[in-house]
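S.K.: So here's my_file-v2.cif (mmCIF, C-alpha atoms).
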data_model
#
loop_
_atom_site.label_atom_id
_atom_site.label_comp_id
_atom_site.auth_asym_id
_atom_site.auth_seq_id
_atom_site.Cartn_x
_atom_site.Cartn_y
_atom_site.Cartn_z
CA MET A 16 -43.43 -16.77 -18.37
CA GLU A 17 -42.42 -20.15 -16.94
CA LYS A 18 -40.96 -20.58 -13.47
CA GLN A 19 -37.46 -21.32 -14.79
CA ASP A 20 -37.58 -18.04 -16.72
CA VAL A 21 -38.32 -16.14 -13.49
CA LEU A 22 -35.40 -17.85 -11.76
CA SER A 23 -33.12 -16.92 -14.67
CA LEU A 24 -33.54 -13.28 -13.69
CA GLY A 25 -31.75 -14.02 -10.43
CA LEU A 26 -34.71 -12.65 -8.44
CA SER A 27 -37.02 -14.38 -5.94
CA GLY A 28 -40.46 -13.72 -4.48
CA ILE A 29 -41.70 -11.91 -7.59
CA LYS A 30 -44.37 -12.36 -10.22
CA ILE A 31 -44.37 -11.37 -13.88
CA VAL A 32 -46.98 -8.72 -14.57
CA ASN A 33 -46.32 -8.13 -18.27
CA ILE A 34 -43.83 -8.88 -21.05
CA GLN A 35 -43.50 -6.50 -23.96
CA LYS A 36 -41.13 -6.60 -26.92
CA THR A 37 -39.87 -3.27 -28.25
CA HIS A 38 -37.60 -2.52 -31.22
CA SER A 39 -34.51 -2.54 -28.98
CA SER A 40 -35.27 -4.77 -25.99
CA LEU A 41 -37.57 -7.18 -24.19
CA GLU A 42 -39.29 -5.38 -21.28
CA ILE A 43 -40.41 -7.45 -18.31
CA LEU A 44 -42.66 -5.82 -15.71
CA ILE A 45 -42.33 -7.47 -12.29
CA GLU A 46 -43.59 -6.88 -8.78
CA ASN A 47 -43.34 -8.48 -5.37
CA ASN A 48 -45.59 -11.49 -4.82
CA THR A 49 -46.54 -10.41 -1.29
CA PRO A 50 -49.43 -8.00 -0.58
CA VAL A 51 -47.71 -6.31 2.36
CA GLY A 52 -44.41 -4.67 3.25
CA ILE A 53 -42.24 -4.84 6.38
CA CYS A 54 -40.79 -1.68 7.84
CA PRO A 55 -36.98 -1.99 7.80
CA ASN A 56 -36.74 0.11 10.99
CA CYS A 57 -39.30 -1.38 13.39
CA GLY A 58 -40.34 -4.60 11.59
CA VAL A 59 -44.09 -3.83 11.64
CA VAL A 60 -46.10 -5.26 8.72
CA SER A 61 -47.97 -2.69 6.65
CA ASP A 62 -50.62 -3.03 3.93
CA LYS A 63 -51.07 0.72 3.53
CA VAL A 64 -49.65 1.76 0.12
CA ASN A 65 -48.64 5.40 -0.09
CA ASP A 66 -47.62 5.42 -3.78
CA THR A 67 -45.88 3.35 -6.47
CA ARG A 68 -42.50 3.81 -8.14
CA TYR A 69 -40.75 2.05 -11.02
CA HIS A 70 -37.15 0.81 -10.94
CA TYR A 71 -35.59 0.25 -14.39
CA VAL A 72 -32.78 -2.33 -14.53
CA ILE A 73 -30.83 -3.96 -17.36
CA ASP A 74 -30.49 -7.76 -17.12
CA ARG A 75 -28.11 -10.02 -19.05
CA PRO A 76 -29.05 -10.43 -22.73
CA VAL A 77 -30.78 -13.57 -23.98
CA PHE A 78 -30.09 -14.62 -27.58
CA HIS A 79 -28.55 -11.18 -28.23
CA GLN A 80 -31.76 -9.56 -26.98
CA THR A 81 -31.43 -6.87 -24.32
CA ILE A 82 -33.59 -7.61 -21.27
CA ARG A 83 -35.01 -4.58 -19.49
CA ILE A 84 -36.60 -5.26 -16.12
CA ILE A 85 -39.17 -2.77 -14.85
CA ALA A 86 -39.64 -3.39 -11.14
CA LYS A 87 -42.91 -2.03 -9.77
CA LYS A 88 -42.17 -1.02 -6.18
CA ARG A 89 -44.71 0.13 -3.62
CA ARG A 90 -43.98 2.70 -0.97
CA PHE A 91 -45.78 1.78 2.25
CA LYS A 92 -46.75 3.88 5.25
CA CYS A 93 -45.39 2.54 8.52
CA LEU A 94 -48.34 1.73 10.83
CA ASN A 95 -46.23 2.09 13.97
CA GLU A 96 -46.78 5.63 15.24
CA ASP A 97 -43.65 5.45 17.42
CA CYS A 98 -41.39 4.57 14.47
CA ASP A 99 -39.13 7.26 13.03
CA THR A 100 -39.71 5.85 9.53
CA LYS A 101 -42.92 7.28 8.12
CA THR A 102 -42.75 5.63 4.70
CA PHE A 103 -40.54 2.94 3.17
CA THR A 104 -40.06 1.40 -0.26
CA GLU A 105 -40.34 -2.37 -0.49
CA VAL A 106 -37.24 -4.38 -1.44
CA ILE A 107 -37.15 -7.07 -4.14
CA ASP A 108 -34.87 -9.98 -3.30
CA GLY A 109 -31.85 -10.00 -5.63
CA LEU A 110 -32.36 -6.43 -6.84
CA LYS A 111 -30.21 -3.82 -5.13
CA PRO A 112 -31.85 -0.43 -4.49
CA ASN A 113 -30.83 2.27 -7.00
CA SER A 114 -28.95 -0.25 -9.16
CA PHE A 115 -29.02 0.08 -12.95
CA TYR A 116 -27.88 -3.46 -13.72
CA THR A 117 -28.61 -6.87 -12.21
CA ASP A 118 -25.86 -9.00 -10.69
CA LEU A 119 -26.34 -11.45 -13.57
CA PHE A 120 -25.60 -8.68 -16.08
CA GLN A 121 -22.46 -7.72 -14.17
CA GLU A 122 -21.35 -11.35 -14.23
CA PHE A 123 -22.13 -11.53 -17.95
CA SER A 124 -20.04 -8.41 -18.64
CA TYR A 125 -17.13 -9.53 -16.47
CA ARG A 126 -16.59 -12.66 -18.56
CA PHE A 127 -15.56 -10.53 -21.55
CA THR A 128 -12.90 -8.60 -19.60
CA SER A 129 -10.73 -11.73 -19.33
CA GLY A 130 -9.99 -11.65 -23.04
CA MET A 131 -10.78 -8.05 -23.97
CA THR A 132 -9.73 -4.59 -22.88
CA TYR A 133 -12.27 -2.63 -20.88
CA THR A 134 -12.82 -0.41 -23.92
CA ASP A 135 -13.43 -3.39 -26.19
CA THR A 136 -15.81 -4.90 -23.64
CA ARG A 137 -17.85 -1.69 -23.62
CA ARG A 138 -17.99 -1.64 -27.42
CA HIS A 139 -18.91 -5.32 -27.61
CA LEU A 140 -21.78 -4.94 -25.15
CA GLU A 141 -23.14 -2.01 -27.14
CA HIS A 142 -22.70 -3.38 -30.67
CA ALA A 143 -23.58 -7.04 -30.03
CA TYR A 144 -26.30 -6.63 -27.41
CA GLY A 145 -27.36 -2.98 -27.53
CA CYS A 146 -26.31 -2.45 -23.90
CA LYS A 147 -24.64 0.90 -23.26
CA VAL A 148 -22.42 0.69 -20.19
CA GLY A 149 -19.89 3.26 -19.04
CA LEU A 150 -16.20 2.40 -19.14
CA THR A 151 -15.75 3.30 -15.47
CA THR A 152 -18.68 1.05 -14.55
CA ILE A 153 -17.13 -1.95 -16.35
CA TYR A 154 -13.81 -1.25 -14.66
CA THR A 155 -15.45 -1.04 -11.21
CA TRP A 156 -17.25 -4.36 -11.72
CA SER A 157 -14.03 -6.00 -12.86
CA GLN A 158 -12.02 -4.75 -9.87
CA LYS A 159 -14.70 -5.84 -7.43
CA ARG A 160 -14.81 -9.34 -8.90
CA LEU A 161 -11.02 -9.64 -9.16
CA LYS A 162 -10.57 -8.65 -5.52
CA ALA A 163 -13.19 -11.19 -4.45
CA GLU A 164 -11.52 -13.99 -6.43
CA THR A 165 -7.89 -13.20 -5.54
CA PRO A 166 -6.79 -15.52 -2.71
CA PRO A 167 -5.51 -13.91 0.49
CA GLN A 168 -1.81 -13.17 0.38
CA ILE A 169 -0.11 -15.77 2.58
CA PRO A 170 3.49 -17.01 2.37
CA GLN A 171 3.80 -20.07 0.14
CA LYS A 172 6.39 -22.79 -0.21
CA ALA A 173 8.87 -22.34 -3.06
CA ARG A 174 12.26 -24.01 -3.47
CA PHE A 175 13.49 -22.00 -6.46
CA ILE A 176 12.34 -18.42 -7.06
CA GLY A 177 13.05 -15.73 -9.65
CA LEU A 178 13.14 -11.99 -9.01
CA ASP A 179 12.96 -9.37 -11.76
CA GLU A 180 11.66 -5.87 -12.45
CA PHE A 181 9.09 -4.69 -14.98
CA SER A 182 8.16 -1.25 -16.23
CA LYS A 183 4.85 0.08 -14.90
CA GLY A 184 4.88 3.24 -16.98
CA LYS A 185 7.00 5.89 -18.59
CA GLY A 186 10.25 6.97 -17.01
CA HIS A 187 11.79 5.06 -14.12
CA ASP A 188 8.52 3.64 -12.79
CA TYR A 189 9.12 -0.02 -11.93
CA GLY A 190 7.42 -2.89 -10.18
CA ILE A 191 8.82 -6.28 -9.14
CA VAL A 192 7.67 -9.75 -10.18
CA LEU A 193 8.41 -12.83 -8.07
CA THR A 194 8.02 -16.28 -9.64
CA ASN A 195 8.02 -19.88 -8.49
CA LEU A 196 10.45 -21.37 -11.00
CA GLU A 197 9.42 -24.98 -10.36
CA LYS A 198 5.70 -24.33 -10.77
CA ARG A 199 6.38 -21.82 -13.57
CA ARG A 200 3.94 -19.34 -12.02
CA ILE A 201 3.94 -15.80 -10.71
CA ILE A 202 3.83 -15.72 -6.93
CA ASP A 203 2.99 -12.02 -6.71
CA LEU A 204 3.91 -8.51 -7.84
CA GLY A 205 5.44 -5.79 -5.70
CA ASP A 206 5.21 -2.02 -5.94
CA GLY A 207 7.75 0.62 -4.90
CA GLY A 208 10.38 0.45 -7.63
CA LYS A 209 13.26 -1.99 -8.12
CA THR A 210 14.68 -1.24 -4.69
CA LYS A 211 15.99 -3.39 -1.85
CA LYS A 212 13.11 -2.26 0.35
CA ALA A 213 10.45 -3.20 -2.21
CA ALA A 214 12.09 -6.58 -2.87
CA LYS A 215 12.29 -7.36 0.86
CA GLU A 216 8.63 -6.48 1.41
CA LEU A 217 7.59 -8.74 -1.47
CA LEU A 218 9.70 -11.65 -0.22
CA TYR A 219 8.52 -11.34 3.39
CA LYS A 220 4.85 -11.29 2.36
CA THR A 221 4.79 -14.03 -0.24
CA VAL A 222 7.22 -16.91 0.44
CA GLU A 223 8.31 -19.13 3.33
CA LEU A 224 11.84 -17.74 3.50
CA GLU A 225 13.58 -20.70 5.18
CA GLY A 226 12.45 -23.09 2.46
CA VAL A 227 13.98 -21.20 -0.48
CA ALA A 228 17.11 -22.96 -1.80
CA ALA A 229 18.03 -20.53 -4.59
CA CYS A 230 16.97 -17.17 -6.00
CA ALA A 231 17.69 -16.25 -9.63
CA ILE A 232 18.29 -12.56 -10.39
CA ASP A 233 19.90 -10.27 -12.94
CA MET A 234 23.00 -8.30 -12.00
CA TRP A 235 21.08 -5.85 -9.81
CA ARG A 236 22.63 -5.20 -6.41
CA PRO A 237 19.45 -4.17 -4.53
CA PHE A 238 17.88 -7.57 -5.41
CA LYS A 239 21.05 -9.37 -4.31
CA ALA A 240 21.08 -7.47 -1.01
CA ALA A 241 17.39 -8.23 -0.40
CA ALA A 242 17.85 -11.95 -1.16
CA LEU A 243 20.93 -12.26 1.08
CA GLU A 244 19.11 -10.55 3.95
CA CYS A 245 15.74 -12.33 3.63
CA LEU A 246 16.68 -15.85 2.48
CA PRO A 247 18.94 -17.46 5.09
CA ASN A 248 19.32 -20.82 3.31
CA ALA A 249 19.35 -19.67 -0.32
CA LEU A 250 22.04 -19.20 -2.94
CA VAL A 251 21.81 -16.11 -5.14
CA ILE A 252 22.26 -17.13 -8.78
CA VAL A 253 22.87 -14.70 -11.62
CA ASP A 254 20.82 -15.69 -14.64
CA LYS A 255 23.13 -17.13 -17.33
CA PHE A 256 21.17 -15.50 -20.14
CA HIS A 257 21.76 -12.12 -18.50
CA VAL A 258 25.51 -12.82 -18.43
CA VAL A 259 25.53 -13.62 -22.15
CA LYS A 260 23.36 -10.56 -22.78
CA LYS A 261 25.99 -8.40 -21.07
CA ALA A 262 28.65 -9.89 -23.36
CA ASN A 263 26.51 -9.16 -26.42
CA GLU A 264 26.02 -5.57 -25.25
CA ALA A 265 29.82 -5.14 -24.89
CA LEU A 266 30.31 -6.62 -28.37
CA ASP A 267 27.67 -4.31 -29.82
CA ASN A 268 29.34 -1.29 -28.21
CA VAL A 269 32.66 -2.26 -29.85
CA ARG A 270 30.91 -2.61 -33.22
CA LYS A 271 29.32 0.83 -32.87
CA ARG A 272 32.63 2.41 -31.89
CA ILE A 273 34.45 0.85 -34.85
CA GLN A 274 31.61 1.86 -37.15
CA ARG A 275 31.99 5.48 -36.04
CA GLN A 276 35.77 5.50 -36.32
CA THR A 277 36.38 3.67 -39.61
CA ASP A 278 36.88 5.56 -42.87
CA ASN A 279 36.17 2.46 -44.95
CA LYS A 280 32.66 3.10 -46.28
CA ASP A 281 32.14 -0.47 -47.43
CA PHE A 282 33.17 -1.83 -44.01
CA LYS A 283 30.98 0.76 -42.27
CA GLU A 284 27.99 -0.34 -44.37
CA GLN A 285 28.63 -4.02 -43.61
CA LEU A 286 28.81 -3.32 -39.88
CA ARG A 287 25.49 -1.51 -40.08
CA LYS A 288 23.71 -3.94 -42.41
CA TYR A 289 24.83 -7.13 -40.67
CA LYS A 290 24.89 -5.88 -37.09
CA GLU A 291 22.86 -8.86 -35.85
CA LEU A 292 25.34 -11.50 -37.06
CA PRO A 293 28.00 -11.03 -34.29
CA ARG A 294 25.28 -11.31 -31.63
CA MET A 295 23.94 -14.58 -33.00
CA SER A 296 25.08 -17.90 -31.55
CA ARG A 297 27.37 -20.01 -33.74
CA GLU A 298 24.93 -22.89 -33.90
CA HIS A 299 22.18 -20.61 -35.19
CA LEU A 300 24.20 -19.28 -38.14
CA SER A 301 23.62 -20.67 -41.60
CA GLU A 302 26.67 -21.53 -43.69
CA LYS A 303 26.21 -18.33 -45.69
CA GLN A 304 25.80 -16.20 -42.55
CA GLU A 305 28.87 -17.74 -40.92
CA LYS A 306 31.03 -16.96 -43.97
CA ARG A 307 29.75 -13.37 -44.09
CA LEU A 308 30.38 -12.94 -40.36
CA TRP A 309 34.01 -14.07 -40.60
CA ASP A 310 34.57 -11.85 -43.61
CA ILE A 311 33.52 -8.91 -41.41
CA LEU A 312 35.50 -10.06 -38.35
CA GLU A 313 38.69 -10.38 -40.39
CA LEU A 314 38.54 -6.64 -41.04
CA SER A 315 38.71 -5.75 -37.31
CA HIS A 316 40.98 -7.44 -34.78
CA GLU A 317 39.06 -5.89 -31.85
CA LEU A 318 35.67 -7.06 -33.12
CA LYS A 319 37.02 -10.55 -33.83
CA GLN A 320 38.62 -10.76 -30.40
CA ILE A 321 35.53 -9.74 -28.42
CA TYR A 322 33.35 -12.05 -30.55
CA GLU A 323 35.62 -14.99 -29.66
CA PHE A 324 35.49 -14.00 -25.97
CA LYS A 325 31.70 -13.90 -26.17
CA GLU A 326 31.55 -17.40 -27.64
CA LEU A 327 34.05 -18.71 -25.07
CA LEU A 328 31.82 -17.35 -22.31
CA ARG A 329 28.84 -19.19 -23.78
CA ASP A 330 30.90 -22.38 -23.97
CA ILE A 331 31.61 -22.23 -20.23
CA TYR A 332 27.91 -22.77 -19.52
CA ASP A 333 28.05 -26.06 -21.46
CA LYS A 334 30.48 -27.53 -18.94
CA ASP A 335 28.97 -30.18 -16.67
CA ASP A 336 31.87 -30.30 -14.29
CA GLN A 337 31.62 -27.54 -11.71
CA GLU A 338 35.37 -27.26 -11.09
CA THR A 339 36.13 -27.03 -14.81
CA ALA A 340 33.55 -24.29 -15.28
CA HIS A 341 34.99 -22.36 -12.33
CA ASN A 342 38.54 -22.57 -13.68
CA GLN A 343 37.50 -21.54 -17.17
CA LEU A 344 35.56 -18.53 -15.89
CA ASP A 345 38.58 -17.38 -13.86
CA ASN A 346 40.80 -17.80 -16.92
CA TRP A 347 38.30 -15.91 -19.06
CA ILE A 348 38.25 -12.96 -16.65
CA ARG A 349 42.05 -12.86 -16.35
CA GLU A 350 42.61 -12.97 -20.13
CA ALA A 351 39.87 -10.39 -20.81
CA LEU A 352 41.50 -7.98 -18.37
CA GLU A 353 44.77 -8.33 -20.29
CA THR A 354 43.26 -7.14 -23.58
CA LEU A 355 43.28 -3.54 -24.76
CA ILE A 356 39.56 -3.45 -25.48
CA PRO A 357 37.90 -1.10 -22.93
CA GLU A 358 34.42 -2.59 -23.37
CA LEU A 359 35.74 -6.10 -22.75
CA ILE A 360 37.76 -4.97 -19.74
CA GLU A 361 34.65 -3.36 -18.25
CA LEU A 362 32.69 -6.59 -18.81
CA ALA A 363 35.46 -8.61 -17.15
CA HIS A 364 35.34 -6.37 -14.07
CA THR A 365 31.56 -6.82 -13.91
CA LEU A 366 31.81 -10.61 -14.07
CA LYS A 367 34.60 -10.55 -11.48
CA ASN A 368 32.37 -8.58 -9.10
CA TRP A 369 29.55 -11.10 -9.61
CA ARG A 370 31.80 -14.18 -9.79
CA GLU A 371 30.31 -16.03 -6.80
CA GLU A 372 26.71 -15.53 -7.95
CA ILE A 373 27.60 -16.57 -11.52
CA LEU A 374 29.35 -19.74 -10.31
CA ASN A 375 26.36 -20.64 -8.12
CA TYR A 376 24.62 -21.61 -11.35
CA TRP A 377 26.52 -24.92 -11.33
CA ARG A 378 24.95 -25.79 -7.95
CA PHE A 379 21.32 -25.78 -9.09
CA ARG A 380 21.36 -24.76 -12.79
CA ILE A 381 18.29 -22.53 -12.64
CA THR A 382 17.73 -19.48 -14.81
CA ASN A 383 15.35 -16.55 -14.84
CA ALA A 384 13.95 -17.41 -18.29
CA ILE A 385 10.52 -18.17 -16.82
CA THR A 386 10.51 -14.85 -14.98
CA GLU A 387 11.49 -12.99 -18.17
CA GLY A 388 8.58 -14.69 -19.94
CA LYS A 389 6.22 -13.56 -17.18
CA VAL A 390 7.50 -9.99 -17.56
CA ASN A 391 6.49 -10.11 -21.23
CA LYS A 392 3.08 -11.40 -20.17
CA ILE A 393 2.72 -8.48 -17.75
CA LYS A 394 3.58 -6.06 -20.58
CA THR A 395 0.80 -7.55 -22.72
CA ILE A 396 -1.75 -7.26 -19.91
CA LYS A 397 -0.60 -3.70 -19.16
CA ARG A 398 -1.18 -2.67 -22.78
CA LYS A 399 -4.77 -3.88 -22.50
CA ALA A 400 -5.39 -1.81 -19.38
CA TYR A 401 -5.24 1.59 -21.16
CA ASN A 402 -6.06 4.30 -18.62
CA TYR A 403 -6.75 1.82 -15.83
CA ASN A 404 -3.15 0.77 -15.34
CA ASN A 405 -2.70 1.61 -11.67
CA PHE A 406 -0.60 -0.97 -9.85
CA GLU A 407 -3.34 -2.79 -7.92
CA SER A 408 -5.48 -3.10 -11.04
CA LEU A 409 -2.53 -4.52 -12.97
CA ARG A 410 -1.64 -6.89 -10.12
CA LEU A 411 -5.16 -8.32 -9.93
CA LYS A 412 -5.31 -8.77 -13.71
CA VAL A 413 -1.96 -10.57 -13.76
CA LEU A 414 -2.90 -12.90 -10.89
CA GLU A 415 -6.21 -13.64 -12.63
CA ALA A 416 -4.37 -14.54 -15.84
CA GLU A 417 -2.11 -16.89 -13.85
CA ARG A 418 -5.15 -18.64 -12.33
CA LEU A 419 -6.63 -19.21 -15.78
CA VAL A 420 -3.48 -20.93 -17.11
#
Take the structure in the file and give it back as structure tokens.

M.R.:
Amino acid sequence: MEKQDVLSLGLSGIKIVNIQKTHSSLEILIENNTPVGICPNCGVVSDKVNDTRYHYVIDRPVFHQTIRIIAKKRRFKCLNEDCDTKTFTEVIDGLKPNSFYTDLFQEFSYRFTSGMTYTDTRRHLEHAYGCKVGLTTIYTWSQKRLKAETPPQIPQKARFIGLDEFSKGKGHDYGIVLTNLEKRRIIDLGDGGKTKKAAKELLYKTVELEGVAACAIDMWRPFKAAALECLPNALVIVDKFHVVKKANEALDNVRKRIQRQTDNKDFKEQLRKYKELPRMSREHLSEKQEKRLWDILELSHELKQIYEFKELLRDIYDKDDQETAHNQLDNWIREALETLIPELIELAHTLKNWREEILNYWRFRITNAITEGKVNKIKTIKRKAYNYNNFESLRLKVLEAERLV
């Protein structure tokens, strides 16, 4: 074997004794190139061999051929009578004692985990290369590498940030994601639920608080409280898409109520079949869809009224003039409170309670759309984790995916 082939094993100070091809692998017998050993305890050189052992290690495949290294290791007697170590096994540079795989094989395996689940990585190694590796082993390698590559957590500069929650598991098990809206990247994830305490801890650890000009959130009071307490120079801005979403939810609740109450079977069927039409924006409706929608709305004054309120709310966000937008929102809330539609009245009270944060949008015009997109990305990564979806594992995977973008 040529010198470059020896170096490709990631080992030094060895010589190739024999190379043998079997039906399943290429076996390479190696040994240390030095005739003596050095006692790890006292440092005395010894040439007295007590016995010989063999260390079997899997190396990274070459041309889809499994490489099996057989390291011939001598066990020397220590020649220092005063040393507590009577015998010792020599060490081969680059080969960890009691290891089953070389560092190069671990690196080779880790590359697949960026685009595959741990389970798929295990199957790929076995089917494509004939290397059987335990799922837990692959996971351990991945976590070790991810921790080594993840930069230390230090506060970073960010002018506009977004704060949102994501589901970590079943039930009410939540984490928090914090994004840099200008750089369109995740700053970090926080554990501990969607609480004020968890949000504060994440903010304190990850951003330079005085430099934040605005923080985009949904209508979640613990996040608002955390932002107001931690960010002395920042405006809290309610995401405009969340506001419109709330209006669509109120509209949908009216539709469901009318659908339950009506005795008109044809109308009931239309409400069920075309339930998406009232939620759609006017500009996204085809001519046929728009006609069908108004045919439905004409059959219910309540549904027509809340649909028009929903579209008026969307129109407010098209206003460039801050004062005009403010006046129109106040008028919208006042008129909605005067209706007899309970779902619309409840929505109006919600917007009234969040009025200041909604109107802050016209100061910087930022939204949480980027953060919402990152939440979807986290969901995708979480699905790939299978049984290894503890928070730290998920956090490292997400931060790795952000580095690769």

S.K.: Can you turn the PyMOL selection byres ((chain A and resi 273) around 9) into a concrete residue list for this file, as a count of residues only?

M.R.: 14

S.K.: Please identify all polymer residues within 9 Å of region 348-365 of chain A, counting all atoms listed in the file, omitting same-chain residues fewer than 6 positions from it, and present them as a list in words.

M.R.: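 Neighbouring residues, sequence-local ones excluded: Met234, Lys261, Ala262, Ala265, Leu266, Asn268, Val269, Glu317, Gln320, Ile321 and Phe324 of chain A.
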
S.K.: The PyMOL selection byres ((chain A and resi 198-202) around 7) on the file shown: which residues, as a list of chain:residue names?

M.R.: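 Here the PyMOL selection byres ((chain A and resi 198-202) around 7) matches A:Leu193, A:Thr194, A:Asn195, A:Leu196, A:Glu197, A:Asp203, A:Thr221, A:Ile385, A:Glu417.
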
S.K.: With the PyMOL selection byres ((chain A and resi 101-106) around 12) as the selection, what would be picked from this file? Answer as a PyMOL selection string, please.

M.R.: chain A and resi 26-29+46-70+86-100+107-113

S.K.: Counting all atoms listed in the file, which residues sit no farther than 8 Å from the position (13.9, -22.9, -0.8) in the file's frame? I'd like them as a ChimeraX atom specification.

M.R.: /A:172-176,223-229,248-249

S.K.: Just checking: using all atoms listed in the file, which residue out of A:Ala143, A:Asp135, A:Pro166, A:Leu150 ends up closest to Arg418 (chain A)?

M.R.: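 With all atoms listed in the file as the atom set, the closest residue is A:Pro166.
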
S.K.: List as number ranges by chain the protein and nucleic acid residues near region 405-413 of chain A, meaning an atom at most 8 Å away when only C-alpha atoms are counted, but skip any in the same chain fewer than 4 places from it.

M.R.: A: 158, 161-162, 165, 183, 203-204, 206, 393, 396-397, 400, 417

S.K.: Those residues you just picked out, can you put them in a file as a PDB file, in the coordinates of the input with C-alpha atoms?

M.R.:
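Saved as part_39.pdb:
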ATOM      1  CA  GLN A 158     -12.020  -4.750  -9.870  1.00  0.00           C
ATOM      2  CA  LEU A 161     -11.020  -9.640  -9.160  1.00  0.00           C
ATOM      3  CA  LYS A 162     -10.570  -8.650  -5.520  1.00  0.00           C
ATOM      4  CA  THR A 165      -7.890 -13.200  -5.540  1.00  0.00           C
ATOM      5  CA  LYS A 183       4.850   0.080 -14.900  1.00  0.00           C
ATOM      6  CA  ASP A 203       2.990 -12.020  -6.710  1.00  0.00           C
ATOM      7  CA  LEU A 204       3.910  -8.510  -7.840  1.00  0.00           C
ATOM      8  CA  ASP A 206       5.210  -2.020  -5.940  1.00  0.00           C
ATOM      9  CA  ILE A 393       2.720  -8.480 -17.750  1.00  0.00           C
ATOM     10  CA  ILE A 396      -1.750  -7.260 -19.910  1.00  0.00           C
ATOM     11  CA  LYS A 397      -0.600  -3.700 -19.160  1.00  0.00           C
ATOM     12  CA  ALA A 400      -5.390  -1.810 -19.380  1.00  0.00           C
ATOM     13  CA  GLU A 417      -2.110 -16.890 -13.850  1.00  0.00           C
TER      14      GLU A 417
END

S.K.: With all atoms listed in the file as the counted atoms, please give the residues lying no more than 9 Å from region 296-298 of chain A, apart from itself and same-chain residues fewer than 6 positions off, as a CSV table (one decimal) with C-alpha atoms, keeping the file's coordinate frame.

M.R.:
chain,number,residue,atom,x,y,z
A,305,GLU,CA,28.9,-17.7,-40.9
A,326,GLU,CA,31.6,-17.4,-27.6
A,329,ARG,CA,28.8,-19.2,-23.8

S.K.: Work out how far CA of Phe238 (chain A) is from CA of Arg378 (chain A), in Å to one decimal.

M.R.: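 Computed distance, CA of Arg378 (chain A) to CA of Phe238 (chain A), equals 19.7 Å.
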
S.K.: Mind pulling up the distance from CA of Ala340 (chain A) to CA of Cys245 (chain A)?

M.R.: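 We find that CA of Cys245 (chain A) and CA of Ala340 (chain A) lie 28.6 Å from each other.
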
S.K.: Residues near region 124-129 of chain A, anyone? I mean within 9 Å using all atoms listed in the file, not counting same-chain ones fewer than 5 positions away, as an NGL selection string.

M.R.: :A and (75 or 119 or 135-137 or 139-140 or 153-154 or 156-157 or 160 or 412 or 415-416)

S.K.: Would you pick out the contacts of Gln304 (chain A) at 12 Å or less, using only C-alpha atoms, so that residues sharing its chain but fewer than 3 positions from it are not included, and give the list as a JSON list (two decimals) with C-alpha atoms, keeping the file's coordinate frame?

M.R.:
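Heads up, here's the output in selection.json:
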[["chain", "number", "residue", "atom", "x", "y", "z"],
["A", 289, "TYR", "CA", 24.83, -7.13, -40.67],
["A", 290, "LYS", "CA", 24.89, -5.88, -37.09],
["A", 291, "GLU", "CA", 22.86, -8.86, -35.85],
["A", 292, "LEU", "CA", 25.34, -11.50, -37.06],
["A", 293, "PRO", "CA", 28.00, -11.03, -34.29],
["A", 294, "ARG", "CA", 25.28, -11.31, -31.63],
["A", 295, "MET", "CA", 23.94, -14.58, -33.00],
["A", 296, "SER", "CA", 25.08, -17.90, -31.55],
["A", 297, "ARG", "CA", 27.37, -20.01, -33.74],
["A", 298, "GLU", "CA", 24.93, -22.89, -33.90],
["A", 299, "HIS", "CA", 22.18, -20.61, -35.19],
["A", 300, "LEU", "CA", 24.20, -19.28, -38.14],
["A", 301, "SER", "CA", 23.62, -20.67, -41.60],
["A", 307, "ARG", "CA", 29.75, -13.37, -44.09],
["A", 308, "LEU", "CA", 30.38, -12.94, -40.36],
["A", 309, "TRP", "CA", 34.01, -14.07, -40.60],
["A", 310, "ASP", "CA", 34.57, -11.85, -43.61],
["A", 311, "ILE", "CA", 33.52, -8.91, -41.41]]

S.K.: Would you mind telling me which residue in A:Lys389, A:Lys367, A:Lys319, A:Arg236 lies nearest to Leu414 (chain A) when using all atoms listed in the file?

M.R.: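 Of all the options, A:Lys389 lies closest to Leu414 (chain A).
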
S.K.: When you draw a straight line from CA of Gly130 (chain A) to CA of Glu387 (chain A), how long is it in Å?

M.R.: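 Taking CA of Gly130 (chain A) as the start and CA of Glu387 (chain A) as the end point, the length is 22.1 Å.
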
S.K.: Using all atoms of region 195-209 of chain A listed in the file and a margin of 6 Å per side, can you give the axis-aligned box centre and edge lengths in Å to one decimal, as JSON?

M.R.:
{"center_x": 8.1, "center_y": -12.2, "center_z": -9.2, "size_x": 22.3, "size_y": 37.6, "size_z": 20.7}
